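Have a look at the structure below before the remarks.
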Amino acid sequence: MVYMSSLAPSVLLSLVSAVAYAAGAIVQERVATASDGRSLAPLRNRVWWAAVTLNGVGAVLHVVALAYGPLSLVQPLGALTIVFALPMAALFVRRRAGATAWRGAVMATVGLAGLLALTGSSDAHSLGRPQQLMLAVVTFGAVAALVLLSRALRRPVLRSVVLAGAAGVAFGIASVYTKTVAMEWTAGSVGSGLPTLLVIAALAGAGLLLSQAAYRGAGLTAPLATVTVVNPVVAAAVGITLFGEQFRHGTTGTVLALACGVVAAGGLIMLTTERMGAERAEPAPAEEPQDPGKVLPAPAAPPSSESAGPKPSTAPPAPPMRTPLERLAGRVEFGPPGAGHRSGPAAGAGVTAVDRRGLQTLTPPALR
């Protein structure tokens with residue numbers, strides 16, 4: 001009865017922790033989508049700090065759940081983060097997931113839950129100082145290698161998945177160091193865990209920034225599923241190799257654990273390919289993007305009243321301006337030399353002559 005009474009709050013806390021993690025991931029993805037791509041831009045965004053708070057609440061609830069229930073129950077329930085994130089994203093930010101994304105998320109969650117459920121525990125061992133130093137060097141080296149690999153990738157989805165894998169590695173090893181500090185504090189050696197706390201803070205901060213960068217360009221599901229799977233798998237691998245943990249049920253449990261790992265990996269691959277397919281389909285309607293700096297030719301329209309060009313009018317057009325030669329032609333007079341002068345043009349004009357005033361005259365043919 002006592003076991004059942006402690007198991008209920010453990011399950012409840014684990015579920016609330018998964019919801020907090022999912023909400024934090026959704027906010028992080030929205031901040032990444034709206035940011036300008038600079039690495040430190042989210043630090044100046046108050047919404048991003050709300051995501052950090054949600055992740056911190058999820059971590060605290062997870063630790064408290066471990067205090068009430070066994071690791072074999074709490075860790076698999078934490079894998080429900082990706083399952084909670086999909087309907088929450090559809091409800092709060094109108095980001096609906098397709099059938100392929102749902103299948104991939106369910107496969108990743110089921111595979112991870114089965115893998116963690118088959119992983120045994122051994123609380124009798126903790127990492128010594130040489131082991132902690134070696135693990136820190138290997139972890140930071142692996143994270144740096146994954147970051148460099150992501151820079152060499154051209155596809156945004158693959159780059160984001162690699163960054164999410166690096167974040168999962170950082171979070172997973174931070175969990176290992178957290179377990180070591182907890183065991184040292186339980187043994188009464190509080191001062192010896194202070195250097196380890198700095199390593200935990202560095203790994204947690206790196207994991208948070210890497211996961212934030214992973215959400216840019218790949219959406220929500222693929223990076224979140226990668227972090228959710230890689231984090232506990234890395235922690236379980238370190239527990240098996242350094243803490244003496246092993247899979248339950250001997251050889252049968254090992255085979256089942258490998259099968260669960262294949263299922264989880266298949267879910268991640270399905271999520272990645274689904275996002276890559278969406279990425280290929282997105283540029284289709286935007287093959288000719290509107291360039292805000294490009295001035296497009298305006299359609300023909302009547303000039304405004306402020307235009308310097310000719311204005312259409314229903315009134316008779318004004319006589320055009322005449323050149324000096326045309327003005328001179330306006331002074332042409334008809335008639336014989338010395339006769340009265342009549343200005344104006346006349347049809348059938350003849351040859352020209354010069355009168356006594358020096359003006360050109362046109363002599364009619366009858367008088368020539």
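Just so we're on the same page: first chain in the structure tokens is A, next is B, and so on; residues restart at 1 for each chain, and ligands are numbered from 1 in the order they show up.
Omitting region 203-213 of chain A and its sequence neighbours fewer than 6 positions away, and counting only C-alpha atoms, the residues within 6 Å are A:Leu163, A:Ala164, A:Ala167, A:Ala170, A:Phe171, A:Ala174.
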Got time to write the residues from that selection, all heavy atoms, as a PDB file, in the first residue's frame?
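Contents of out_1.pdb, as written:
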```
ATOM      1  N   LEU A 163      22.389  19.062 -34.576  1.00  0.00           N
ATOM      2  CA  LEU A 163      22.460  19.945 -33.408  1.00  0.00           C
ATOM      3  C   LEU A 163      21.607  19.420 -32.265  1.00  0.00           C
ATOM      4  O   LEU A 163      21.994  19.519 -31.086  1.00  0.00           O
ATOM      5  CB  LEU A 163      21.999  21.353 -33.806  1.00  0.00           C
ATOM      6  CG  LEU A 163      22.950  22.162 -34.695  1.00  0.00           C
ATOM      7  CD1 LEU A 163      22.296  23.474 -35.110  1.00  0.00           C
ATOM      8  CD2 LEU A 163      24.260  22.422 -33.976  1.00  0.00           C
ATOM      9  N   ALA A 164      20.444  18.869 -32.589  1.00  0.00           N
ATOM     10  CA  ALA A 164      19.607  18.275 -31.545  1.00  0.00           C
ATOM     11  C   ALA A 164      20.296  17.071 -30.918  1.00  0.00           C
ATOM     12  O   ALA A 164      20.185  16.840 -29.703  1.00  0.00           O
ATOM     13  CB  ALA A 164      18.259  17.868 -32.128  1.00  0.00           C
ATOM     14  N   ALA A 167      22.701  18.426 -28.485  1.00  0.00           N
ATOM     15  CA  ALA A 167      21.992  18.856 -27.275  1.00  0.00           C
ATOM     16  C   ALA A 167      21.596  17.660 -26.423  1.00  0.00           C
ATOM     17  O   ALA A 167      21.695  17.707 -25.186  1.00  0.00           O
ATOM     18  CB  ALA A 167      20.749  19.664 -27.668  1.00  0.00           C
ATOM     19  N   ALA A 170      24.611  16.495 -24.500  1.00  0.00           N
ATOM     20  CA  ALA A 170      24.911  17.379 -23.366  1.00  0.00           C
ATOM     21  C   ALA A 170      23.931  17.167 -22.223  1.00  0.00           C
ATOM     22  O   ALA A 170      24.334  17.071 -21.044  1.00  0.00           O
ATOM     23  CB  ALA A 170      24.874  18.837 -23.834  1.00  0.00           C
ATOM     24  N   PHE A 171      22.635  17.055 -22.536  1.00  0.00           N
ATOM     25  CA  PHE A 171      21.642  16.828 -21.479  1.00  0.00           C
ATOM     26  C   PHE A 171      21.835  15.463 -20.813  1.00  0.00           C
ATOM     27  O   PHE A 171      21.687  15.331 -19.592  1.00  0.00           O
ATOM     28  CB  PHE A 171      20.237  16.930 -22.067  1.00  0.00           C
ATOM     29  CG  PHE A 171      19.789  18.332 -22.330  1.00  0.00           C
ATOM     30  CD1 PHE A 171      19.116  18.651 -23.508  1.00  0.00           C
ATOM     31  CD2 PHE A 171      20.019  19.349 -21.416  1.00  0.00           C
ATOM     32  CE1 PHE A 171      18.689  19.948 -23.759  1.00  0.00           C
ATOM     33  CE2 PHE A 171      19.602  20.650 -21.655  1.00  0.00           C
ATOM     34  CZ  PHE A 171      18.939  20.947 -22.835  1.00  0.00           C
ATOM     35  N   ALA A 174      24.797  15.539 -18.549  1.00  0.00           N
ATOM     36  CA  ALA A 174      24.452  16.355 -17.384  1.00  0.00           C
ATOM     37  C   ALA A 174      23.639  15.548 -16.386  1.00  0.00           C
ATOM     38  O   ALA A 174      23.813  15.702 -15.159  1.00  0.00           O
ATOM     39  CB  ALA A 174      23.682  17.598 -17.823  1.00  0.00           C
TER      40      ALA A 174
END
```
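Near Trp102 (chain A), within 12 Å and counting only C-alpha atoms, sit Ile82, Val83, Phe84, Ala85, Leu86, Pro87, Arg96, Ala97, Met107, Ala108, Thr109, Thr221, Ala222, Ala225, Gly267, Leu268, Met270, Leu271 and Glu274 of chain A; same-chain residues fewer than 5 positions away were not included.
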Determine which residues of region 86-260 of chain A DSSP labels as helix (DSSP H, G or I) from the backbone of this structure, then write them out as a PyMOL selection string.
chain A and resi 86-92+99-117+129-152+156-186+191-214+221-242+250-260
